Structure formats: C-alpha cells, structure tokens
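**Student:** File follows, coords.tsv with TSV, C-alpha atoms:
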chain	number	residue	atom	x	y	z
A	285	MET	CA	5.26	-39.75	-28.64
A	286	SER	CA	3.48	-39.10	-25.34
A	287	SER	CA	0.43	-36.93	-25.19
A	288	VAL	CA	0.28	-34.20	-22.58
A	289	ILE	CA	-3.03	-33.77	-20.80
A	290	VAL	CA	-3.59	-30.15	-19.88
A	291	SER	CA	-6.23	-29.66	-17.24
A	292	LYS	CA	-8.00	-26.37	-16.78
A	293	GLY	CA	-6.50	-26.09	-13.26
A	294	ASN	CA	-2.93	-26.02	-14.65
A	295	LEU	CA	-3.54	-22.97	-16.82
A	296	PRO	CA	-2.94	-19.38	-15.70
A	297	ARG	CA	-6.00	-17.57	-14.38
A	298	ALA	CA	-6.42	-15.47	-17.53
A	299	ALA	CA	-6.37	-18.60	-19.70
A	300	ARG	CA	-8.87	-20.47	-17.49
A	301	ARG	CA	-11.53	-17.82	-18.08
A	302	ALA	CA	-13.72	-18.26	-21.12
A	303	ASN	CA	-14.11	-14.49	-21.32
A	304	ASP	CA	-13.32	-11.34	-19.36
A	305	SER	CA	-15.19	-10.44	-16.20
A	306	ILE	CA	-17.10	-7.17	-15.94
A	307	PHE	CA	-14.23	-5.75	-13.88
A	308	ASP	CA	-11.72	-6.75	-16.59
A	309	ARG	CA	-13.77	-5.09	-19.31
A	310	ILE	CA	-14.23	-1.87	-17.31
A	311	PHE	CA	-10.52	-1.91	-16.40
A	312	LYS	CA	-9.67	-2.12	-20.12
A	313	TYR	CA	-12.13	0.70	-20.81
A	314	TYR	CA	-10.01	3.03	-18.64
A	315	TYR	CA	-6.48	1.69	-18.87
A	316	ASP	CA	-5.95	-0.23	-22.14
A	317	THR	CA	-4.90	2.40	-24.66
A	318	LYS	CA	-4.39	-0.12	-27.47
A	319	VAL	CA	-7.99	-1.32	-27.56
A	320	THR	CA	-11.26	0.60	-27.49
A	321	GLN	CA	-13.36	-1.40	-25.09
A	322	ASP	CA	-17.07	-1.41	-25.87
A	323	LEU	CA	-19.33	-1.95	-22.88
A	324	SER	CA	-22.83	-3.36	-22.80
A	325	GLU	CA	-25.64	-1.26	-21.30
A	326	GLN	CA	-25.34	-3.16	-18.01
A	327	GLU	CA	-21.54	-2.73	-17.93
A	328	GLU	CA	-21.87	0.98	-18.74
A	329	GLU	CA	-24.27	1.46	-15.82
A	330	ILE	CA	-21.86	-0.38	-13.50
A	331	ARG	CA	-19.00	1.76	-14.79
A	332	GLN	CA	-21.00	4.92	-14.04
A	333	ARG	CA	-21.81	3.67	-10.53
A	334	TRP	CA	-18.15	2.92	-9.80
A	335	GLU	CA	-17.06	6.29	-11.17
A	336	MET	CA	-19.69	8.10	-9.09
A	337	ALA	CA	-18.62	6.17	-5.97
A	338	TRP	CA	-14.98	7.07	-6.49
A	339	MET	CA	-15.69	10.74	-7.19
A	340	HIS	CA	-17.70	11.03	-3.96
A	341	LEU	CA	-14.96	9.19	-2.02
A	342	GLY	CA	-12.55	11.87	-3.24
A	343	THR	CA	-14.68	14.57	-1.56
A	344	LEU	CA	-14.46	12.72	1.77
A	345	THR	CA	-18.21	12.04	1.77
A	346	SER	CA	-19.20	9.26	4.18
A	347	ARG	CA	-19.78	5.81	2.71
A	348	LYS	CA	-23.35	5.77	3.97
A	349	ILE	CA	-24.21	8.94	2.04
A	350	ILE	CA	-22.47	7.60	-1.09
A	351	VAL	CA	-24.42	4.34	-0.82
A	352	ASN	CA	-27.70	6.25	-0.51
A	353	LYS	CA	-26.88	8.40	-3.56
A	354	ILE	CA	-25.92	5.41	-5.72
A	355	ALA	CA	-28.94	3.38	-4.61
A	356	LYS	CA	-31.31	6.27	-5.32
A	357	LYS	CA	-29.82	7.32	-8.68
A	358	PHE	CA	-29.39	3.84	-10.17
A	359	ASP	CA	-32.21	2.06	-8.30
A	360	VAL	CA	-29.95	-0.64	-6.86
A	361	HIS	CA	-29.89	-2.31	-3.45
A	362	PHE	CA	-27.73	-0.82	-0.67
A	363	THR	CA	-25.54	-3.94	-0.63
A	364	THR	CA	-24.83	-3.50	-4.34
A	365	ALA	CA	-23.92	0.15	-3.72
A	366	TYR	CA	-21.47	-0.86	-0.96
A	367	HIS	CA	-19.89	-3.35	-3.37
A	368	ASP	CA	-19.66	-0.58	-5.97
A	369	ILE	CA	-17.51	1.44	-3.55
A	370	LYS	CA	-15.15	-1.52	-3.05
A	371	TRP	CA	-14.89	-2.15	-6.80
A	372	ALA	CA	-14.29	1.57	-7.42
A	373	GLU	CA	-11.38	1.56	-4.95
A	374	ARG	CA	-9.98	-1.55	-6.60
A	375	LEU	CA	-10.26	0.05	-10.04
A	376	PHE	CA	-9.07	3.60	-9.31
A	377	GLY	CA	-7.24	3.35	-5.97
A	378	ASP	CA	-8.09	4.81	-2.57
A	379	PRO	CA	-8.66	8.56	-3.01
A	380	ARG	CA	-8.08	9.15	0.72
A	381	GLN	CA	-4.43	8.21	0.22
A	382	GLN	CA	-4.24	10.45	-2.83
A	383	ASN	CA	-5.77	13.29	-0.80
A	384	LYS	CA	-3.07	12.78	1.85
A	385	ALA	CA	-0.33	13.19	-0.77
A	386	ALA	CA	-2.09	16.24	-2.21
A	387	LYS	CA	-2.41	17.86	1.22
A	388	LYS	CA	1.28	17.25	1.89
A	389	ALA	CA	2.12	18.92	-1.43
A	390	ILE	CA	-0.08	21.91	-0.57
A	391	ILE	CA	1.59	22.36	2.84
A	392	SER	CA	5.05	22.07	1.24
A	393	ASN	CA	4.07	24.68	-1.33
A	394	LEU	CA	2.83	27.08	1.38
A	395	LEU	CA	6.06	26.64	3.32
A	396	GLU	CA	8.10	27.35	0.16
A	397	LYS	CA	6.16	30.59	-0.42
A	398	ALA	CA	6.69	31.64	3.21
A	399	ILE	CA	10.42	30.88	2.89
A	400	ARG	CA	10.68	33.05	-0.25
A	401	LYS	CA	8.74	35.86	1.46
A	402	ALA	CA	11.00	35.75	4.53
A	403	TYR	CA	14.08	35.79	2.26
A	404	LYS	CA	12.86	38.82	0.27
A	405	SER	CA	12.02	40.74	3.43
A	406	GLU	CA	15.38	39.71	4.92
A	407	ASN	CA	13.68	38.33	8.02
A	408	TRP	CA	16.48	35.88	8.75
A	409	LYS	CA	15.03	34.55	12.00
A	410	SER	CA	11.75	33.52	10.31
A	411	PHE	CA	13.69	32.32	7.30
A	412	GLU	CA	15.76	29.94	9.44
A	413	LYS	CA	12.70	28.65	11.36
A	414	LEU	CA	10.76	28.06	8.13
A	415	LEU	CA	13.71	26.25	6.54
A	416	LEU	CA	13.97	23.95	9.56
A	417	ARG	CA	10.22	23.29	9.51
A	418	TYR	CA	10.33	22.57	5.77
A	419	ASP	CA	13.29	20.24	6.28
A	420	GLN	CA	11.54	18.35	9.10
A	421	TYR	CA	8.23	18.16	7.25
A	422	ASN	CA	9.74	16.74	4.07
A	423	GLY	CA	12.43	14.66	5.79
A	424	LEU	CA	15.20	16.12	3.65
A	425	ASN	CA	17.88	15.77	6.30
A	426	LYS	CA	16.95	12.22	7.24
A	427	GLU	CA	18.79	9.44	5.48
A	428	ASP	CA	17.01	6.17	4.81
A	429	ASN	CA	18.56	4.23	7.65
A	430	HIS	CA	16.13	1.43	8.45
A	431	LEU	CA	18.61	-0.15	10.87
A	432	GLU	CA	18.58	3.01	12.96
A	433	ASP	CA	14.77	2.85	13.18
A	434	ILE	CA	14.92	-0.79	14.25
A	435	ILE	CA	17.50	-0.05	16.93
A	436	LYS	CA	15.39	2.85	18.25
A	437	ASN	CA	12.38	0.55	18.58
A	438	LEU	CA	14.23	-2.25	20.37
A	439	LYS	CA	13.36	-2.59	24.01
A	440	PRO	CA	16.32	-3.26	26.29
A	441	PHE	CA	16.31	-6.40	28.39
A	442	THR	CA	18.62	-7.79	31.01
A	443	ILE	CA	19.68	-11.33	31.76
A	444	THR	CA	20.62	-11.92	35.37
A	445	PHE	CA	22.83	-14.91	36.14
A	446	SER	CA	23.23	-16.14	39.69
A	447	ALA	CA	26.55	-17.23	41.12
A	448	ASP	CA	25.14	-20.67	41.96
A	449	PRO	CA	26.56	-23.14	39.35
A	450	GLU	CA	23.45	-25.32	39.29
A	451	THR	CA	21.09	-22.36	38.69
A	452	LEU	CA	23.52	-20.96	36.12
A	453	LYS	CA	23.43	-24.31	34.23
A	454	LYS	CA	19.58	-24.29	34.27
A	455	GLN	CA	19.50	-20.73	32.93
A	456	ALA	CA	22.02	-21.58	30.18
A	457	ASP	CA	19.99	-24.66	29.19
A	458	ALA	CA	16.81	-22.54	29.06
A	459	LEU	CA	18.53	-20.00	26.80
A	460	ILE	CA	19.92	-22.71	24.50
A	461	ALA	CA	16.47	-24.32	24.27
A	462	ASP	CA	15.19	-21.05	22.71
A	463	VAL	CA	17.88	-21.14	20.00
A	464	GLU	CA	16.72	-22.72	16.76
A	465	ASP	CA	19.08	-25.24	15.21
A	466	ILE	CA	19.65	-24.85	11.47
A	467	ASP	CA	21.26	-27.09	8.88
A	468	TYR	CA	24.37	-25.90	7.17
A	469	GLU	CA	26.31	-26.91	4.11
A	470	ASP	CA	30.06	-27.43	4.27
A	471	ILE	CA	31.46	-25.76	1.17
A	472	SER	CA	35.09	-25.54	2.26
A	473	HIS	CA	36.16	-28.37	-0.12
A	474	GLY	CA	33.97	-27.29	-3.01
A	475	THR	CA	31.74	-30.35	-2.87
A	476	SER	CA	27.99	-30.36	-2.56
A	477	PRO	CA	26.05	-32.68	-0.22
A	478	ALA	CA	24.73	-34.53	-3.28
A	479	ALA	CA	28.28	-35.33	-4.36
A	480	ASP	CA	29.13	-36.70	-0.89
A	481	THR	CA	26.27	-39.19	-0.95
A	482	GLU	CA	27.29	-40.74	-4.28
Would you encode the structure as structure tokens?

**Tutor:**
Amino acid sequence: MSSVIVSKGNLPRAARRANDSIFDRIFKYYYDTKVTQDLSEQEEEIRQRWEMAWMHLGTLTSRKIIVNKIAKKFDVHFTTAYHDIKWAERLFGDPRQQNKAAKKAIISNLLEKAIRKAYKSENWKSFEKLLLRYDQYNGLNKEDNHLEDIIKNLKPFTITFSADPETLKKQADALIADVEDIDYEDISHGTSPAADTE
C-alpha cells in the first residue's frame, strides 16, 4: 500500500487556512443564516467601520470625506480608513451601481404614472409619446441580438488588388501570412488520432 503525501499547497484555499480571516468572520456575521457568528471586540469595530463606510458610499459622499469621518470616529489612520472602504465594497457590493438601478426604477415608475395620467385624460398624443419613451428607456422593443451589435460596430475596410500579376501574388502572400494555421482532426472514418498511431 502506497502512502499519499498531501502538501499544504495541494489543498483548497479554505482547507489551507488554519482559521477564518477577519473578512470571512464578518462575512458570516451578515450572510450565514445557519450560524450565529460571534465577533471579537476588534472584529466588531472593523465591522462597524465597514458598515459606516458603505452607508456613506450609498449617499454619494466623497471618499475623502468618508475617510475623514472613519478616521476621526474610530481613531484609525487614513490608510486604514481607505482600506475599510475597499473591504466594505467587497463585502456589500458597490452602492453606486445599486443607486443606478434604483434611479432607473424611479424614472420608469414616473413614466408609468405619466402614461396612466395621459390615458385617463385621453391625451392620446402625449400617451403615444410617453409609451415610446418608456419603450426606448427600458429597451422593451429591442431583442437581445448581440450579433447585430457586433455588425454595427464593425468598421468597413477595402482590399485593393492591382492588375499586375506579380503585385497581386505579393498581396495574396501577405494576406495568407496573416491567416493562422490550425490543426484539425479527421473524423470521417470514426477513428481518433490515437488509434492511427497504434
């Protein structure tokens, strides 16, 4: 019987760690519903700093102001406060992106109210304009055609061949030089390349 030597480098990252990092423990505090995660005093202070950073990011406060507030309230260095903002974004997500989605929902809701108002007042011209704007804003009439987007973004180019046979040969050779050669597998007879070499 052979013995298997398992080195620490062969294990998954979670198994290589002797214990959880502070980030892991704070992550579990918020997201692991099966376990109540107890935090040490130091971890609790870090959790409060990250939460404060994220809440201020959500109000579109500048990072410099957030750093000053964290540094002053928790008596930490400015560098630590900047790191707190990064860890907060990693833990909770970027609130600026969430704000963008929220603003889009608000605008959609306002358009829906305006559409209903135009319908009730039988203002058909406004009703039609608002419907078109709502459709364009939410992309309801656009199908997910990625190929169409790619084709729209392609820039046209022209290849000019001269009538001179020697120049034409040089141009053809230059074009062929740009083509990458690839290997292929002949599967017409149902045999694999490994079977052919035996």

**Student:** What gap, in Å, lies between atom CA of A:Lys357 and atom CA of A:Thr343?

**Tutor:**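 Computing it gives 18.2 Å between the two atoms.
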
**Student:** At what distance in Å, to one decimal, does atom CA of A:His340 lie from atom CA of A:Thr317?

**Tutor:** 25.8 Å

**Student:** Would you work out the distance separating atom CA of A:Gln332 from atom CA of A:Leu344, expressed in Å to one decimal?

**Tutor:** 18.8 Å

**Student:** Could you tell me which of A:Tyr366, A:Phe311, A:Trp338, A:Phe411 comes closest to A:Gln382 if we count all atoms listed in the file?

**Tutor:**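 Closest to A:Gln382, using all atoms listed in the file: A:Trp338.
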